[in-house]
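Read the structure below first, then the notes.
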Amino acid sequence: MAKSAPAAKVPARRPRLRVLRRALVGLAALAAGYLALVIHPQPLFAYTLQRGNIVLHARAPLPPEAAPMLDDALARVSRSPLYDAARTHDVFLCDTPRLYGFFAMGRRSGGITQTWAAGNVFIRPANVRRGRVLDSAGREKGGERTLAYFVAHEVTHAMAGDRFGRFSAWRLAPFQNEGYADYVAYARPVDLARGRADLQAGTIEMDPARSGLYDRYRLLVGYLLQRRGLSVDDLFARKLDRAEIERELAADDGI
């Protein structure tokens, strides 16, 4: 009796490829959905308030104190030569750490600007009545870094992205980007003599990694703009050597 031929084996690669394709399609859909929300998050924020060219979006009704806070932020950014009154800046006030973490992609900060995606600004939870951003434990951030400061700082990043390109921050030193945003947000010249003394003393405020502050970066930007006479365009023209500028600052007898 003749033996029957063995059944042909079905390659196992095809089912695996189908699963892989489905996973890739799913990931692409998630990425597209995330990008759409970052570019147009307005559906999640039902309430708005506009002062000048800054629009504040929130998920709950905004108190009366929001208006003077925005006026303050607007006054700060309008002093910058990067300011364009015709360009509307959307600022989204996140009411929970989880929502902020979603838009900030897990980054721990008071605010973030997605210059690569329409330049939208996202601010972590805040007490708008008191004009204070809240930390991860729900405590108010003190000092001069008010809610208006954070809004102005992040809007400055958006203005820089408009002028120098959405990905310009990737080709520059951190002190150029964060230092200039802080320079605008504080809305006053840097005390170069005091700043240099703090830098030489190694105060914690001059260490961004330990303090979470950009005082060191703001000092260097202030030195370049106020002492060296650079324009803002010059500041962003190329990547600068932070160590070299610090050595020059330390040796400048005219301060």
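Starting from 1 in every chain, residues are counted up; chains themselves are A, B, ... following the order of the structure tokens, and ligands are numbered from 1 as listed.
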Using only C-alpha atoms, determine which residues lie at most 10 Å from stretch 74-82 of chain A, disregarding the query and same-chain residues fewer than 6 positions distant; provide the list as number ranges by chain. A: 51-54, 68, 148-149, 151-156, 158-164, 180-181, 183-188, 231-233
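For stretch 4-142 of chain A, a DSSP pass over the backbone yields strand (DSSP E) at Tyr47, Thr48, Leu49, Gln50, Arg51, Ile54, Val55, Leu56, His57, Ala58, His89, Asp90, Val91, Phe92, Leu93, Gly111, Ile112, Thr113, Gln114, Asn120, Val121, Phe122, Ile123, Ala126, Asn127, Arg132 and Val133 of chain A.
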Compile a residue-level contact table for stretch 19-104 of chain A against stretch 109-115 of chain A at a cut-off of 10 Å, reporting for every qualifying residue the shortest atom pair and its distance in Å to one decimal, with only C-alpha atoms counted, rows ordered by chain and ascending number, as a Markdown table.
```
| residue | atom | partner | partner_atom | distance |
| --- | --- | --- | --- | --- |
| A:Val38 | CA | A:Gln114 | CA | 7.8 |
| A:Ile39 | CA | A:Gln114 | CA | 8.6 |
| A:Val91 | CA | A:Thr113 | CA | 9.0 |
| A:Phe92 | CA | A:Gly111 | CA | 9.7 |
| A:Leu93 | CA | A:Gly111 | CA | 9.2 |
| A:Cys94 | CA | A:Gly111 | CA | 9.7 |
| A:Tyr100 | CA | A:Gly111 | CA | 8.5 |
| A:Gly101 | CA | A:Ser109 | CA | 9.4 |
| A:Phe103 | CA | A:Ile112 | CA | 8.4 |
| A:Ala104 | CA | A:Ile112 | CA | 6.3 |
```
Choose the residue, out of A:Leu235, A:Leu147, A:Ala46, A:Ala73, that has the smallest atom-to-atom separation from A:Val133; count only C-alpha atoms. A:Leu147
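Residues of stretch 34-116 of chain A carrying a DSSP assignment of alpha helix (DSSP H), computed from the backbone, are Tyr34, Leu35, Ala36, Leu37, Val38, Ile39, Ala66, Ala67, Pro68, Met69, Leu70, Asp71, Asp72, Ala73, Leu74, Ala75, Arg76, Val77, Pro97, Arg98, Leu99, Tyr100, Gly101, Phe102, Phe103 and Ala104 of chain A.
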With only C-alpha atoms as the counted atoms, please give the residues lying no more than 9 Å from A:Pro61, apart from itself and same-chain residues fewer than 2 positions off, as a compact mmCIF listing (two decimals) with all heavy atoms, in the first residue's frame.
```
# COMPACT_ATOMS: atom_id res chain seq x y z
N ALA A 46 -11.85 73.65 27.99
CA ALA A 46 -13.11 74.30 27.62
C ALA A 46 -13.13 75.80 27.84
O ALA A 46 -13.97 76.51 27.28
CB ALA A 46 -14.26 73.66 28.40
N TYR A 47 -12.23 76.33 28.63
CA TYR A 47 -12.29 77.75 29.02
C TYR A 47 -11.05 78.50 28.51
O TYR A 47 -9.93 77.96 28.55
CB TYR A 47 -12.40 77.88 30.54
CG TYR A 47 -13.63 77.20 31.08
CD1 TYR A 47 -13.58 75.85 31.48
CD2 TYR A 47 -14.84 77.86 31.19
CE1 TYR A 47 -14.70 75.21 31.97
CE2 TYR A 47 -15.97 77.22 31.67
CZ TYR A 47 -15.89 75.90 32.06
OH TYR A 47 -17.02 75.27 32.54
N THR A 48 -11.26 79.71 28.03
CA THR A 48 -10.15 80.50 27.50
C THR A 48 -10.22 81.94 27.99
O THR A 48 -11.29 82.46 28.32
CB THR A 48 -10.15 80.51 25.96
OG1 THR A 48 -11.37 81.12 25.49
CG2 THR A 48 -10.02 79.11 25.40
N ALA A 58 -7.89 76.59 29.84
CA ALA A 58 -8.00 75.85 31.11
C ALA A 58 -9.18 74.89 31.04
O ALA A 58 -10.08 75.04 30.21
CB ALA A 58 -8.16 76.82 32.27
N ARG A 59 -9.17 73.93 31.94
CA ARG A 59 -10.25 72.94 32.00
C ARG A 59 -11.34 73.33 32.98
O ARG A 59 -12.38 72.67 33.05
CB ARG A 59 -9.67 71.58 32.38
CG ARG A 59 -8.87 70.95 31.25
CD ARG A 59 -7.91 69.87 31.72
NE ARG A 59 -8.58 68.79 32.41
CZ ARG A 59 -9.11 67.72 31.81
NH1 ARG A 59 -9.07 67.63 30.50
NH2 ARG A 59 -9.67 66.76 32.52
N PRO A 63 -10.33 82.27 37.34
CA PRO A 63 -10.69 83.33 38.28
C PRO A 63 -10.30 84.70 37.72
O PRO A 63 -9.52 84.80 36.77
CB PRO A 63 -9.86 82.99 39.52
CG PRO A 63 -8.66 82.30 38.96
CD PRO A 63 -9.15 81.50 37.79
```
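Using only C-alpha atoms, the smallest distance between any of A:Tyr83, A:Trp170, A:Phe45, A:Phe150 and A:Trp116 comes from A:Trp170.
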Looking at A:Leu24, A:Pro208, A:Glu65, A:Ala85, which one is nearest to A:Asn127, with distances taken over only C-alpha atoms? A:Glu65
